[in-house]
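Peer 1: Take this structure first; my questions come after.
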Amino acid sequence: MIHRATRLALTGLLLAAAPITAALPQSGSRDWNQTFADTGKGHRMGNPAAPLQLIEFVSYTCPHCANFERQAEGALRLGYVGEGKVAVEVRHVIRNPVDLAAALVTECGPTHSFFANHRTMMLAHDQWMAKARAATPAQQARWGSGPVGQRMQAIANDLDFHELMAPRGLSVTQINTCLTNEARAEAIAEASRANSDEFGVQGTPSFVINNRLAPDVHSWDSLRPLLDRAQS
């Protein structure tokens with residue numbers, strides 16, 4: 001079942017892994033997997049002039065998004081992004097406070113670190129979501145009251161985000177600084193709303209190819225044929 005994305009402004013957030021596998025470039029060619037950019041709306045990997053521009057709309061609490069990452073990441077990098085055929089941009093869909101905390105953590109650090117942080121968060125989805133589902137009333141109360149930064153820290157502490165990201169070289173102090181950046185939290189929440197409005201995103205994961213939403217496409221099995229046909 002595909003989860004529906006909800007409009008979520010910052011003021012409404014009151015509570016209602018392994019490194020990326022490096023693609024091998026062909027002899028004499030550029031490996032576009034090492035080209036990263038913050039687009040202002042999301043994070044892009046690949047050739048900015050690639051003939052196919054793919055946007056992934058993802059929610060960290062969505063199990064289908066985690067499954068997509070497991071199935072598609074290697075194939076996308078090896079068969080499409082590395083050769084400059086496709087550029088991939090990840091944009092956040094914020095459905096709840098946990099999504100926002102996870103997004104703040106994945107964006108912690110330099111731009112070139114985002115995709116590895118993103119993959120780490122997605123690959124560990126089952127573990128930290130099990131903790132989220134088992135949250136006590138007291139924990140949920142901490143997630144839904146007080147200043148935004150305080151709430152984000154409570155979520156990260158309860159779901160062990162600090163331990164998860166430690167192998168990525170992120171210290172507790174760095175992560176807490178990112179979690180308490182309320183201006184960035186507001187920008188992420190607003191970008192989520194604006195992106196969903198722009199493309200009519202109804203569920204996650206969803207995909208936009210060359211500025212057009214791919215209807216009823218929510219998995220690697222359904223996305224891959226579209227990418228192949230668009231290149232033929």
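So you can find residues: chains in the structure tokens are A, B, ... in the order shown, residues in each start at 1, and ligands are numbered from 1 in order.
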Got a sec: who's within 9 Å of Gln34 in chain A, counting only C-alpha atoms, leaving out chain neighbours fewer than 4 positions off, as a PDB file with C-alpha atoms, in the first residue's frame?
Peer 2:
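Output (selection_31.pdb):
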ATOM      1  CA  ALA A  22      30.881   2.912  -5.957  1.00  0.00           C
ATOM      2  CA  MET A  45      23.795  13.085  -8.105  1.00  0.00           C
ATOM      3  CA  GLY A  46      25.043  12.798 -11.679  1.00  0.00           C
ATOM      4  CA  GLY A  82      27.716   6.692 -13.825  1.00  0.00           C
ATOM      5  CA  HIS A 112      28.711  15.336  -1.199  1.00  0.00           C
TER       6      HIS A 112
END
Peer 1: Please list as a VMD selection string every residue within 12 Å of Ala214 in chain A, counting only C-alpha atoms and excluding residues in the same chain fewer than 5 positions away.
Peer 2: chain A and resid 54 to 57 199 to 203 205 to 209 219 222 to 227
Peer 1: For a test of reading the model, state the distance in Å between CA of Ala72 in chain A and CA of Pro48 in chain A, rounded to one decimal.
Peer 2: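 Calculated distance between CA of Ala72 in chain A and CA of Pro48 in chain A is 20.0 Å.
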Peer 1: Could you give me the residues within range 6-211 of chain A that DSSP places in helix (DSSP H, G or I), as a PyMOL selection string?
Peer 2: chain A and resi 10-12+32-34+63-81+97-106+111-123+125-133+137-143+148-158+161-168+172-179+182-199
Peer 1: Between A:Ala37, A:Val98, A:Val86, A:Leu52, which is the closest to Arg212 in chain A once you count only C-alpha atoms?
Peer 2: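 Among the listed residues, the smallest separation from Arg212 in chain A belongs to A:Leu52.
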Peer 1: Find the residues of range 49-121 of chain A that sit at most 9 Å from range 174-182 of chain A; for each, write down the nearest two atoms and how far apart they are in Å, to one decimal. Count only C-alpha atoms. Sort by chain, then by number going up, and give it as JSON lines.
Peer 2:
{"residue": "A:Ala101", "atom": "CA", "partner": "A:Leu179", "partner_atom": "CA", "distance": 6.7}
{"residue": "A:Leu104", "atom": "CA", "partner": "A:Leu179", "partner_atom": "CA", "distance": 5.9}
{"residue": "A:Val105", "atom": "CA", "partner": "A:Ile175", "partner_atom": "CA", "distance": 6.3}
{"residue": "A:Glu107", "atom": "CA", "partner": "A:Cys178", "partner_atom": "CA", "distance": 8.0}
{"residue": "A:Cys108", "atom": "CA", "partner": "A:Cys178", "partner_atom": "CA", "distance": 5.9}
{"residue": "A:Gly109", "atom": "CA", "partner": "A:Gln174", "partner_atom": "CA", "distance": 8.0}
Peer 1: Store the residues of this selection in a file with N, CA and C atoms, as a JSON list (two decimals), in the first residue's frame.
Peer 2:
[["chain", "number", "residue", "atom", "x", "y", "z"],
["A", 101, "ALA", "N", 13.01, 14.76, 11.35],
["A", 101, "ALA", "CA", 14.26, 14.49, 12.08],
["A", 101, "ALA", "C", 15.23, 13.71, 11.21],
["A", 104, "LEU", "N", 16.76, 15.98, 8.52],
["A", 104, "LEU", "CA", 17.78, 16.86, 9.08],
["A", 104, "LEU", "C", 19.10, 16.12, 9.29],
["A", 105, "VAL", "N", 19.00, 14.86, 9.69],
["A", 105, "VAL", "CA", 20.22, 14.06, 9.91],
["A", 105, "VAL", "C", 20.89, 13.73, 8.59],
["A", 107, "GLU", "N", 20.88, 15.36, 5.91],
["A", 107, "GLU", "CA", 21.46, 16.56, 5.32],
["A", 107, "GLU", "C", 22.63, 17.11, 6.14],
["A", 108, "CYS", "N", 22.97, 16.45, 7.22],
["A", 108, "CYS", "CA", 24.06, 16.90, 8.07],
["A", 108, "CYS", "C", 25.40, 16.62, 7.39],
["A", 109, "GLY", "N", 26.25, 17.63, 7.34],
["A", 109, "GLY", "CA", 27.53, 17.47, 6.68],
["A", 109, "GLY", "C", 27.56, 18.11, 5.32]]
Peer 1: List every residue of chain A that DSSP, applied to the backbone of this structure, assigns to strand (DSSP E), and report them as number ranges by chain.
Peer 2: A: 3-4, 36-38, 43-45, 52-58, 86-92, 203-204, 206-209, 212-213
Peer 1: Find, counting only C-alpha atoms, the residue in A:Val58, A:Val217, A:Ala154, A:Ala50 that gets nearest to Ala141 in chain A.
Peer 2: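 Smallest distance to Ala141 in chain A is found for A:Ala154.
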Peer 1: Given the choices A:Leu76, A:Ile155, A:Ala116, A:Leu123, which gets closest to Trp143 in chain A if the distance is worked out from only C-alpha atoms?
Peer 2: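 Counting only C-alpha atoms, the residue closest to Trp143 in chain A is A:Ile155.
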Peer 1: Find, counting only C-alpha atoms, the residue in A:Asn33, A:Gln53, A:Thr39, A:Ser192 that gets nearest to Thr111 in chain A.
Peer 2: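 Looking only at the distances to Thr111 in chain A, the closest residue turns out to be A:Thr39.
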Peer 1: To one decimal place, how far is CA of Gly149 in chain A from CA of Glu190 in chain A in Å?
Peer 2: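 Computing it gives 16.5 Å between the two atoms.
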Peer 1: Just checking: using only C-alpha atoms, which residue out of A:Ile188, A:Gln139, A:Gly146, A:Trp128 ends up closest to Glu163 in chain A?
Peer 2: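 Among A:Ile188, A:Gln139, A:Gly146, A:Trp128, it is A:Trp128 that comes nearest to Glu163 in chain A.
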Peer 1: Find the spatial neighbours of Gln140 in chain A, counting only C-alpha atoms, within a cut-off of 12 Å - ignore same-chain residues fewer than 5 positions away - and output them as a list in words.
Peer 2: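 Surrounding residues, per the criterion: Leu14, Leu15, Ala16, Pro97, Val98, Lys131, Ala132, Arg133, Ala134, Ala135, Ser145, Gly146, Arg151, Met152, Ala154, Ile155, Asp158 and Leu159 of chain A.
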Peer 1: Could you write those residues out with C-alpha atoms, as a compact mmCIF listing (two decimals), in the first residue's frame?
Peer 2:
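File written: selection27.txt
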# COMPACT_ATOMS: atom_id res chain seq x y z
CA LEU A 14 3.00 18.73 16.75
CA LEU A 15 3.08 14.92 16.41
CA ALA A 16 -0.52 14.47 15.13
CA PRO A 97 8.02 14.67 12.79
CA VAL A 98 10.12 11.51 12.41
CA LYS A 131 11.72 1.60 17.78
CA ALA A 132 9.41 4.35 16.50
CA ARG A 133 6.42 2.01 16.46
CA ALA A 134 7.24 0.86 19.99
CA ALA A 135 7.57 4.40 21.35
CA SER A 145 5.94 19.30 22.63
CA GLY A 146 8.49 22.02 23.19
CA ARG A 151 11.65 17.62 19.70
CA MET A 152 13.99 16.66 16.85
CA ALA A 154 14.27 13.63 21.33
CA ILE A 155 13.34 11.66 18.21
CA ASP A 158 15.01 7.60 21.02
CA LEU A 159 15.63 6.10 17.56
Peer 1: What gap, in Å, lies between CA of Asp38 in chain A and CA of Leu100 in chain A?
Peer 2: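 Here the two named atoms are 17.6 Å from each other.
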Peer 1: Quick one: everything within 12 Å of Arg168 in chain A, counting only C-alpha atoms, minus sequence neighbours fewer than 3 positions away in the same chain. Send it as a ChimeraX atom specification.
Peer 2: /A:17-20,105-106,108-110,113-121,161-165,171-172,174-175
